[in-house]
file input_25.csv (CSV, C-alpha atoms)
chain,number,residue,atom,x,y,z
A,1,GLN,CA,-19.4,13.9,4.1
A,2,ALA,CA,-20.5,12.5,0.8
A,3,SER,CA,-24.2,12.9,-0.2
A,4,LEU,CA,-26.3,9.8,-0.7
A,5,ALA,CA,-25.8,10.0,-4.5
A,6,GLN,CA,-22.0,10.1,-4.0
A,7,ALA,CA,-21.8,7.3,-1.4
A,8,PRO,CA,-19.4,4.5,-2.3
A,9,GLN,CA,-21.0,1.3,-3.5
A,10,SER,CA,-19.8,-2.1,-2.1
A,11,HIS,CA,-18.7,-3.4,-5.5
A,12,PRO,CA,-17.7,-1.7,-8.7
A,13,SER,CA,-20.0,-2.2,-11.7
A,14,LEU,CA,-19.3,-2.6,-15.4
A,15,THR,CA,-21.4,-1.3,-18.3
A,16,SER,CA,-20.7,-1.7,-21.9
A,17,ALA,CA,-21.7,-0.5,-25.4
A,18,ARG,CA,-21.4,-2.2,-28.7
A,19,ALA,CA,-19.3,-0.3,-31.2
A,20,LYS,CA,-21.1,0.6,-34.4
A,21,PRO,CA,-19.5,-0.7,-37.6
A,22,GLY,CA,-16.8,1.6,-38.9
A,23,THR,CA,-16.6,3.6,-35.8
A,24,ALA,CA,-14.3,3.6,-32.8
A,25,HIS,CA,-15.2,1.5,-29.8
A,26,SER,CA,-17.7,3.1,-27.5
A,27,ARG,CA,-16.4,3.4,-24.0
A,28,VAL,CA,-18.9,3.7,-21.1
A,29,ASP,CA,-17.4,5.3,-18.0
A,30,VAL,CA,-18.7,3.9,-14.6
A,31,THR,CA,-18.1,6.5,-11.9
A,32,MET,CA,-17.7,5.6,-8.2
A,33,ALA,CA,-16.2,7.2,-5.2
A,34,ASP,CA,-12.5,7.9,-5.8
A,35,THR,CA,-10.0,6.1,-3.6
A,36,ASN,CA,-6.3,6.8,-3.4
A,37,LYS,CA,-5.3,3.3,-4.7
A,38,ALA,CA,-8.0,2.7,-7.2
A,39,ILE,CA,-7.2,1.7,-10.7
A,40,VAL,CA,-9.2,1.8,-14.0
A,41,ILE,CA,-9.1,-1.0,-16.6
A,42,HIS,CA,-10.8,-1.5,-20.0
A,43,ILE,CA,-12.9,-4.6,-20.5
A,44,MET,CA,-13.4,-5.7,-24.1
A,45,SER,CA,-15.0,-8.5,-26.0
A,46,LEU,CA,-14.5,-10.0,-29.5
A,47,ALA,CA,-18.0,-8.7,-30.3
A,48,GLY,CA,-16.8,-5.1,-30.1
A,49,GLU,CA,-18.2,-4.3,-26.6
A,50,VAL,CA,-16.0,-2.1,-24.5
A,51,GLY,CA,-16.5,-1.1,-20.9
A,52,LEU,CA,-14.5,1.1,-18.5
A,53,LEU,CA,-14.2,-0.4,-15.0
A,54,ARG,CA,-13.3,2.1,-12.4
A,55,ASP,CA,-12.2,2.1,-8.8
A,56,LEU,CA,-10.8,-1.4,-8.6
A,57,GLN,CA,-8.3,-2.1,-5.8
A,58,PRO,CA,-5.0,-3.6,-6.9
A,59,THR,CA,-5.4,-6.0,-4.0
A,60,MET,CA,-8.5,-7.5,-5.5
A,61,CYS,CA,-7.9,-11.1,-6.6
A,62,LEU,CA,-8.4,-12.3,-10.1
A,63,LYS,CA,-11.3,-14.5,-9.2
A,64,GLU,CA,-13.2,-11.4,-7.9
A,65,LEU,CA,-12.6,-9.7,-11.2
A,66,ARG,CA,-13.9,-12.7,-13.1
A,67,GLN,CA,-17.0,-12.8,-10.9
A,68,LEU,CA,-17.7,-9.2,-11.6
A,69,VAL,CA,-17.3,-9.7,-15.3
A,70,SER,CA,-19.5,-12.8,-15.2
A,71,GLU,CA,-22.3,-10.9,-13.5
A,72,ASN,CA,-22.3,-8.0,-15.9
A,73,ARG,CA,-21.8,-10.0,-19.1
A,74,GLY,CA,-24.2,-12.7,-18.2
A,75,ILE,CA,-21.6,-15.5,-18.6
A,76,PRO,CA,-21.2,-18.3,-16.1
A,77,ILE,CA,-18.0,-17.6,-14.2
A,78,ARG,CA,-16.5,-21.0,-15.1
A,79,GLU,CA,-16.7,-19.9,-18.8
A,80,VAL,CA,-15.1,-16.5,-18.2
A,81,SER,CA,-11.5,-16.4,-19.5
A,82,LEU,CA,-9.5,-13.1,-19.3
A,83,CYS,CA,-6.7,-12.3,-21.6
A,84,LEU,CA,-4.1,-9.6,-20.9
A,85,GLY,CA,-2.2,-8.8,-24.1
A,86,SER,CA,-1.2,-12.2,-25.5
A,87,THR,CA,-1.4,-13.9,-22.1
A,88,ILE,CA,-4.5,-15.9,-21.1
A,89,LEU,CA,-4.8,-15.7,-17.3
A,90,GLN,CA,-5.0,-19.2,-16.0
A,91,PRO,CA,-7.2,-20.8,-13.2
A,92,GLY,CA,-4.1,-21.1,-11.1
A,93,ASP,CA,-3.9,-17.3,-11.0
A,94,ASP,CA,-7.3,-16.9,-9.4
A,95,LYS,CA,-6.0,-16.3,-5.9
A,96,LYS,CA,-3.4,-13.7,-7.0
A,97,GLN,CA,-3.9,-10.0,-6.7
A,98,LEU,CA,-4.5,-8.0,-9.9
A,99,SER,CA,-1.1,-6.4,-9.6
A,100,GLU,CA,0.5,-9.8,-9.3
A,101,VAL,CA,-0.8,-10.9,-12.7
A,102,GLY,CA,0.2,-7.7,-14.4
A,103,ILE,CA,-3.1,-5.8,-14.3
A,104,HIS,CA,-2.5,-2.2,-13.6
A,105,ASP,CA,-4.1,1.2,-14.1
A,106,GLY,CA,-5.1,1.5,-17.8
A,107,SER,CA,-4.8,-2.2,-18.6
A,108,GLU,CA,-6.9,-3.6,-21.4
A,109,ILE,CA,-8.5,-7.0,-20.7
A,110,MET,CA,-10.1,-9.1,-23.4
A,111,VAL,CA,-13.0,-11.3,-22.2
A,112,LEU,CA,-13.3,-14.7,-23.8
A,113,ARG,CA,-15.7,-17.5,-23.3
A,114,SER,CA,-13.5,-20.4,-22.5
A,115,PHE,CA,-13.6,-23.4,-24.8
A,116,GLU,CA,-11.6,-25.4,-22.3
A,117,LYS,CA,-14.6,-25.5,-20.0
A,118,SER,CA,-16.1,-27.9,-22.5
A,119,VAL,CA,-13.6,-30.5,-21.4
A,120,VAL,CA,-14.7,-30.5,-17.8
A,121,GLY,CA,-15.7,-34.1,-16.9
A,122,LYS,CA,-14.4,-37.7,-17.1
A,123,TRP,CA,-12.3,-39.0,-20.0
A,124,ALA,CA,-10.9,-42.4,-21.1
A,125,PRO,CA,-7.9,-43.2,-23.3
A,126,ALA,CA,-8.3,-45.3,-26.4
A,127,ALA,CA,-7.6,-49.0,-25.7
A,128,THR,CA,-4.7,-48.8,-28.2
A,129,ASP,CA,-3.0,-46.1,-26.2
A,130,HIS,CA,-2.2,-48.5,-23.4
A,131,SER,CA,-1.9,-45.5,-21.1
A,132,GLU,CA,-1.9,-46.0,-17.4
A,133,TRP,CA,-1.3,-42.3,-16.9
A,134,MET,CA,-4.4,-41.2,-18.8
A,135,THR,CA,-6.7,-43.7,-17.1
A,136,GLY,CA,-9.2,-42.1,-14.8
A,137,MET,CA,-8.6,-38.6,-16.3
A,138,THR,CA,-11.1,-36.2,-14.6
A,139,ILE,CA,-11.0,-32.5,-15.3
A,140,PHE,CA,-12.7,-30.2,-12.8
A,141,ASP,CA,-14.4,-26.8,-13.1
A,142,ASP,CA,-11.4,-25.0,-11.6
A,143,GLY,CA,-9.0,-26.4,-14.2
A,144,THR,CA,-7.4,-29.0,-12.0
A,145,PHE,CA,-7.4,-32.6,-12.9
A,146,HIS,CA,-6.8,-36.1,-11.5
A,147,CYS,CA,-5.4,-39.1,-13.5
A,148,LYS,CA,-3.6,-42.4,-13.2
A,149,SER,CA,-6.6,-43.9,-11.5
A,150,GLY,CA,-6.7,-41.1,-9.0
A,151,SER,CA,-3.1,-41.4,-7.8
A,152,VAL,CA,-2.1,-38.2,-9.6
A,153,ARG,CA,-4.0,-35.3,-8.1
A,154,ASP,CA,-1.9,-32.2,-8.8
A,155,GLY,CA,-2.8,-31.7,-12.5
A,156,LEU,CA,-3.6,-28.3,-13.9
A,157,LEU,CA,-5.1,-27.5,-17.3
A,158,ARG,CA,-3.3,-24.7,-19.2
A,159,VAL,CA,-4.5,-23.0,-22.4
A,160,VAL,CA,-1.9,-23.2,-25.1
A,161,SER,CA,-4.0,-21.6,-27.9
A,162,ALA,CA,-7.7,-20.7,-27.6
A,163,ALA,CA,-7.9,-20.1,-31.3
A,164,ASP,CA,-6.6,-23.6,-32.1
A,165,ARG,CA,-8.4,-25.2,-29.1
A,166,ARG,CA,-5.1,-26.5,-27.7
A,167,ILE,CA,-4.5,-27.3,-24.0
A,168,ASN,CA,-1.7,-28.7,-21.9
A,169,LEU,CA,-2.6,-31.3,-19.3
A,170,LYS,CA,0.4,-30.9,-16.9
A,171,ARG,CA,1.2,-31.6,-13.3
A,172,THR,CA,2.2,-28.7,-11.0
A,173,CYS,CA,5.3,-30.5,-9.6
A,174,ALA,CA,8.8,-29.8,-10.7
A,175,GLY,CA,9.9,-31.5,-13.9
A,176,ALA,CA,6.4,-32.4,-15.0
A,177,ASN,CA,5.8,-33.5,-18.6
A,178,ASP,CA,3.7,-31.5,-21.1
A,179,HIS,CA,0.7,-33.3,-22.6
A,180,ILE,CA,-0.5,-31.1,-25.5
A,181,PHE,CA,-4.1,-31.9,-26.8
A,182,THR,CA,-6.3,-30.4,-29.5
A,183,VAL,CA,-9.9,-30.5,-28.4
A,184,ALA,CA,-12.5,-31.4,-31.0
A,185,GLU,CA,-15.2,-28.8,-31.9
A,186,ASP,CA,-17.9,-30.9,-30.3
A,187,GLY,CA,-15.9,-31.4,-27.1
A,188,GLU,CA,-16.3,-35.1,-27.2
A,189,THR,CA,-12.7,-36.1,-28.1
A,190,MET,CA,-9.2,-34.7,-27.9
A,191,ARG,CA,-6.0,-35.9,-29.4
A,192,GLY,CA,-2.5,-35.2,-28.3
A,193,ARG,CA,1.0,-36.3,-27.3
A,194,CYS,CA,3.5,-36.0,-24.6
A,195,THR,CA,6.2,-33.6,-25.7
A,196,GLN,CA,8.9,-35.3,-23.7
A,197,SER,CA,8.1,-39.0,-24.3
A,198,GLY,CA,6.5,-38.8,-27.7
A,199,CYS,CA,3.5,-41.0,-26.6
A,200,THR,CA,0.3,-40.2,-28.4
A,201,TYR,CA,-3.2,-40.3,-26.9
A,202,THR,CA,-6.9,-40.1,-27.9
A,203,LEU,CA,-9.2,-39.3,-25.1
A,204,SER,CA,-13.0,-39.7,-25.3
A,205,ARG,CA,-15.6,-38.2,-23.0
A,206,ILE,CA,-17.3,-40.8,-20.7
A,207,GLY,CA,-19.0,-38.4,-18.3
call {"tool": "encode", "arguments": {"input": "input_25.csv", "output": "structure tokens"}}
result
Amino acid sequence: QASLAQAPQSHPSLTSARAKPGTAHSRVDVTMADTNKAIVIHIMSLAGEVGLLRDLQPTMCLKELRQLVSENRGIPIREVSLCLGSTILQPGDDKKQLSEVGIHDGSEIMVLRSFEKSVVGKWAPAATDHSEWMTGMTIFDDGTFHCKSGSVRDGLLRVVSAADRRINLKRTCAGANDHIFTVAEDGETMRGRCTQSGCTYTLSRIG
């Protein structure tokens, strides 16, 4: 029977250390009770912070991992974006298990503050766009959106390039068109076009 000091905790924890300039990243090892199926992943940030997260269950869902990172990094969960290699894990993946999104023992996860959260809210197309589809565009915290005056309700925001602030406002149904936008630095406007139709749009925040 494990002693009190060795007793398993209900949730894993994450600690981090900032790497000194010119030195290798510091890794802080968080030790918990071993389990047969536990995995270890590395959590990194663009600021050079690296943490070692132990004893995660592969059956944990991605949202639980984002919540854990949110609590330890002090970032609101809606702004936590996780990047695995060159792939940014999307809000639509939140209910998937870690193993289902490609996170395995030894994986390295980059933590980003999501610029796309700045587009949450209500948007209106320019009058010159004459766009029925973009009318009533409302983007929600979970990355879903409604448009076409509320008649389209299966939209999902996808990140195309975080560095270039590019997103794709696309429905989840089969054969859906791609609407690629570049979000302004101040988050008040975004400009884009439909890849398939060639129509262009300028959306402005209204709420």
call {"tool": "atom_distance", "arguments": {"input": "input_25.csv", "atom1": "atom CA of A:Arg166", "atom2": "atom CA of A:Arg153"}}
result
21.5 Å
call {"tool": "closest_residue", "arguments": {"input": "input_25.csv", "among": "A:Asp142, A:Asp178, A:Glu108, A:Glu116", "to": "A:Ile43", "atoms": "only C-alpha atoms"}}
result
A:Glu108
call {"tool": "residues_around", "arguments": {"input": "input_25.csv", "residues": "A:Lys170", "least_positions_apart": "2", "cutoff": "6 Å", "atoms": "only C-alpha atoms", "output": "number ranges by chain"}}
result
A: 155-156, 168, 178
call {"tool": "residues_around", "arguments": {"input": "input_25.csv", "residues": "A:Glu100", "least_positions_apart": "3", "cutoff": "9 Å", "atoms": "only C-alpha atoms", "output": "CSV table (one decimal) with C-alpha atoms, in the coordinates of the input"}}
result
chain,number,residue,atom,x,y,z
A,58,PRO,CA,-5.0,-3.6,-6.9
A,59,THR,CA,-5.4,-6.0,-4.0
A,61,CYS,CA,-7.9,-11.1,-6.6
A,93,ASP,CA,-3.9,-17.3,-11.0
A,96,LYS,CA,-3.4,-13.7,-7.0
A,97,GLN,CA,-3.9,-10.0,-6.7
A,103,ILE,CA,-3.1,-5.8,-14.3
call {"tool": "atom_distance", "arguments": {"input": "input_25.csv", "atom1": "atom CA of A:Gly85", "atom2": "atom CA of A:Ser45"}}
result
12.9 Å
call {"tool": "atom_distance", "arguments": {"input": "input_25.csv", "atom1": "atom CA of A:Asn72", "atom2": "atom CA of A:Val101"}}
result
21.9 Å
call {"tool": "closest_atom_pairs", "arguments": {"input": "input_25.csv", "of": "stretch 77-155 of chain A", "to": "stretch 46-50 of chain A", "cutoff": "8 Å", "atoms": "only C-alpha atoms", "output": "CSV"}}
result
residue,atom,partner,partner_atom,distance
A:Met110,CA,A:Leu46,CA,7.6
A:Val111,CA,A:Leu46,CA,7.6
A:Leu112,CA,A:Leu46,CA,7.5
call {"tool": "closest_residue", "arguments": {"input": "input_25.csv", "among": "A:Arg113, A:Arg191, A:His179, A:Arg54", "to": "A:Pro76", "atoms": "all atoms listed in the file"}}
result
A:Arg113
call {"tool": "residues_around", "arguments": {"input": "input_25.csv", "residues": "stretch 202-204 of chain A", "least_positions_apart": "2", "cutoff": "6 Å", "atoms": "only C-alpha atoms", "output": "number ranges by chain"}}
result
A: 123-126, 188-191
call {"tool": "closest_residue", "arguments": {"input": "input_25.csv", "among": "A:Asn177, A:Thr135, A:Ser107, A:Gln90", "to": "A:Arg158", "atoms": "only C-alpha atoms"}}
result
A:Gln90
call {"tool": "closest_residue", "arguments": {"input": "input_25.csv", "among": "A:Leu98, A:Ile180, A:Glu185, A:Met137", "to": "A:Gly198", "atoms": "all atoms listed in the file"}}
result
A:Ile180
call {"tool": "closest_residue", "arguments": {"input": "input_25.csv", "among": "A:Arg165, A:Ile206, A:Gly74, A:Gly106", "to": "A:Ile139", "atoms": "all atoms listed in the file"}}
result
A:Ile206
call {"tool": "build_atoms", "arguments": {"input": "input_25.csv", "residues": "stretch 170-203 of chain A", "atoms": "N, CA and C atoms", "output": "short mmCIF file (atom, residue, chain, number, x, y, z; two decimals), in the coordinates of the input"}}
result
data_model
loop_
_atom_site.label_atom_id
_atom_site.label_comp_id
_atom_site.auth_asym_id
_atom_site.auth_seq_id
_atom_site.Cartn_x
_atom_site.Cartn_y
_atom_site.Cartn_z
N LYS A 170 -0.93 -30.82 -17.55
CA LYS A 170 0.40 -30.90 -16.90
C LYS A 170 0.29 -30.86 -15.42
N ARG A 171 1.11 -31.66 -14.76
CA ARG A 171 1.20 -31.60 -13.30
C ARG A 171 1.82 -30.31 -12.85
N THR A 172 1.63 -29.97 -11.58
CA THR A 172 2.20 -28.70 -11.00
C THR A 172 3.56 -28.99 -10.35
N CYS A 173 3.98 -30.25 -10.25
CA CYS A 173 5.30 -30.50 -9.60
C CYS A 173 6.43 -30.21 -10.53
N ALA A 174 7.60 -30.08 -9.96
CA ALA A 174 8.80 -29.80 -10.70
C ALA A 174 9.11 -30.88 -11.73
N GLY A 175 9.52 -30.49 -12.94
CA GLY A 175 9.90 -31.50 -13.90
C GLY A 175 8.78 -32.19 -14.61
N ALA A 176 7.55 -31.70 -14.46
CA ALA A 176 6.40 -32.40 -15.00
C ALA A 176 6.40 -32.35 -16.55
N ASN A 177 5.90 -33.41 -17.17
CA ASN A 177 5.80 -33.50 -18.60
C ASN A 177 4.64 -32.67 -19.16
N ASP A 178 4.76 -32.28 -20.42
CA ASP A 178 3.70 -31.50 -21.10
C ASP A 178 2.89 -32.51 -21.97
N HIS A 179 1.57 -32.47 -21.83
CA HIS A 179 0.70 -33.30 -22.60
C HIS A 179 -0.24 -32.36 -23.42
N ILE A 180 0.14 -32.11 -24.68
CA ILE A 180 -0.50 -31.10 -25.50
C ILE A 180 -1.65 -31.78 -26.30
N PHE A 181 -2.88 -31.29 -26.12
CA PHE A 181 -4.10 -31.90 -26.80
C PHE A 181 -4.76 -30.80 -27.62
N THR A 182 -5.37 -31.26 -28.71
CA THR A 182 -6.30 -30.40 -29.50
C THR A 182 -7.69 -30.97 -29.25
N VAL A 183 -8.58 -30.12 -28.77
CA VAL A 183 -9.90 -30.50 -28.40
C VAL A 183 -10.84 -30.39 -29.64
N ALA A 184 -11.61 -31.45 -29.92
CA ALA A 184 -12.50 -31.40 -31.00
C ALA A 184 -13.61 -30.36 -30.83
N GLU A 185 -14.18 -29.86 -31.93
CA GLU A 185 -15.20 -28.80 -31.90
C GLU A 185 -16.38 -29.21 -31.00
N ASP A 186 -16.76 -30.48 -31.06
CA ASP A 186 -17.90 -30.90 -30.30
C ASP A 186 -17.59 -31.23 -28.84
N GLY A 187 -16.32 -31.14 -28.46
CA GLY A 187 -15.90 -31.40 -27.10
C GLY A 187 -16.02 -32.80 -26.62
N GLU A 188 -16.15 -33.73 -27.55
CA GLU A 188 -16.30 -35.10 -27.20
C GLU A 188 -15.01 -35.93 -27.23
N THR A 189 -14.04 -35.45 -27.97
CA THR A 189 -12.70 -36.10 -28.10
C THR A 189 -11.63 -35.09 -28.05
N MET A 190 -10.44 -35.55 -27.71
CA MET A 190 -9.20 -34.70 -27.90
C MET A 190 -8.05 -35.64 -28.15
N ARG A 191 -7.18 -35.15 -29.00
CA ARG A 191 -6.00 -35.90 -29.40
C ARG A 191 -4.76 -35.15 -29.08
N GLY A 192 -3.74 -35.88 -28.61
CA GLY A 192 -2.50 -35.20 -28.30
C GLY A 192 -1.35 -36.10 -28.05
N ARG A 193 -0.26 -35.51 -27.56
CA ARG A 193 1.00 -36.30 -27.30
C ARG A 193 1.74 -35.65 -26.18
N CYS A 194 2.59 -36.48 -25.58
CA CYS A 194 3.50 -36.00 -24.60
C CYS A 194 4.74 -35.46 -25.26
N THR A 195 5.05 -34.20 -25.03
CA THR A 195 6.20 -33.60 -25.70
C THR A 195 7.49 -34.27 -25.36
N GLN A 196 7.64 -34.70 -24.13
CA GLN A 196 8.90 -35.30 -23.70
C GLN A 196 9.06 -36.76 -24.14
N SER A 197 8.02 -37.57 -24.01
CA SER A 197 8.10 -39.00 -24.30
C SER A 197 7.75 -39.35 -25.76
N GLY A 198 6.93 -38.47 -26.37
CA GLY A 198 6.50 -38.80 -27.70
C GLY A 198 5.24 -39.64 -27.78
N CYS A 199 4.74 -40.11 -26.63
CA CYS A 199 3.50 -41.00 -26.60
C CYS A 199 2.32 -40.16 -27.09
N THR A 200 1.46 -40.82 -27.85
CA THR A 200 0.30 -40.20 -28.40
C THR A 200 -0.98 -40.73 -27.67
N TYR A 201 -2.03 -39.90 -27.62
CA TYR A 201 -3.20 -40.30 -26.90
C TYR A 201 -4.48 -39.79 -27.66
N THR A 202 -5.55 -40.55 -27.52
CA THR A 202 -6.90 -40.10 -27.90
C THR A 202 -7.81 -40.32 -26.77
N LEU A 203 -8.32 -39.24 -26.23
CA LEU A 203 -9.20 -39.30 -25.10
C LEU A 203 -10.65 -39.06 -25.55
#
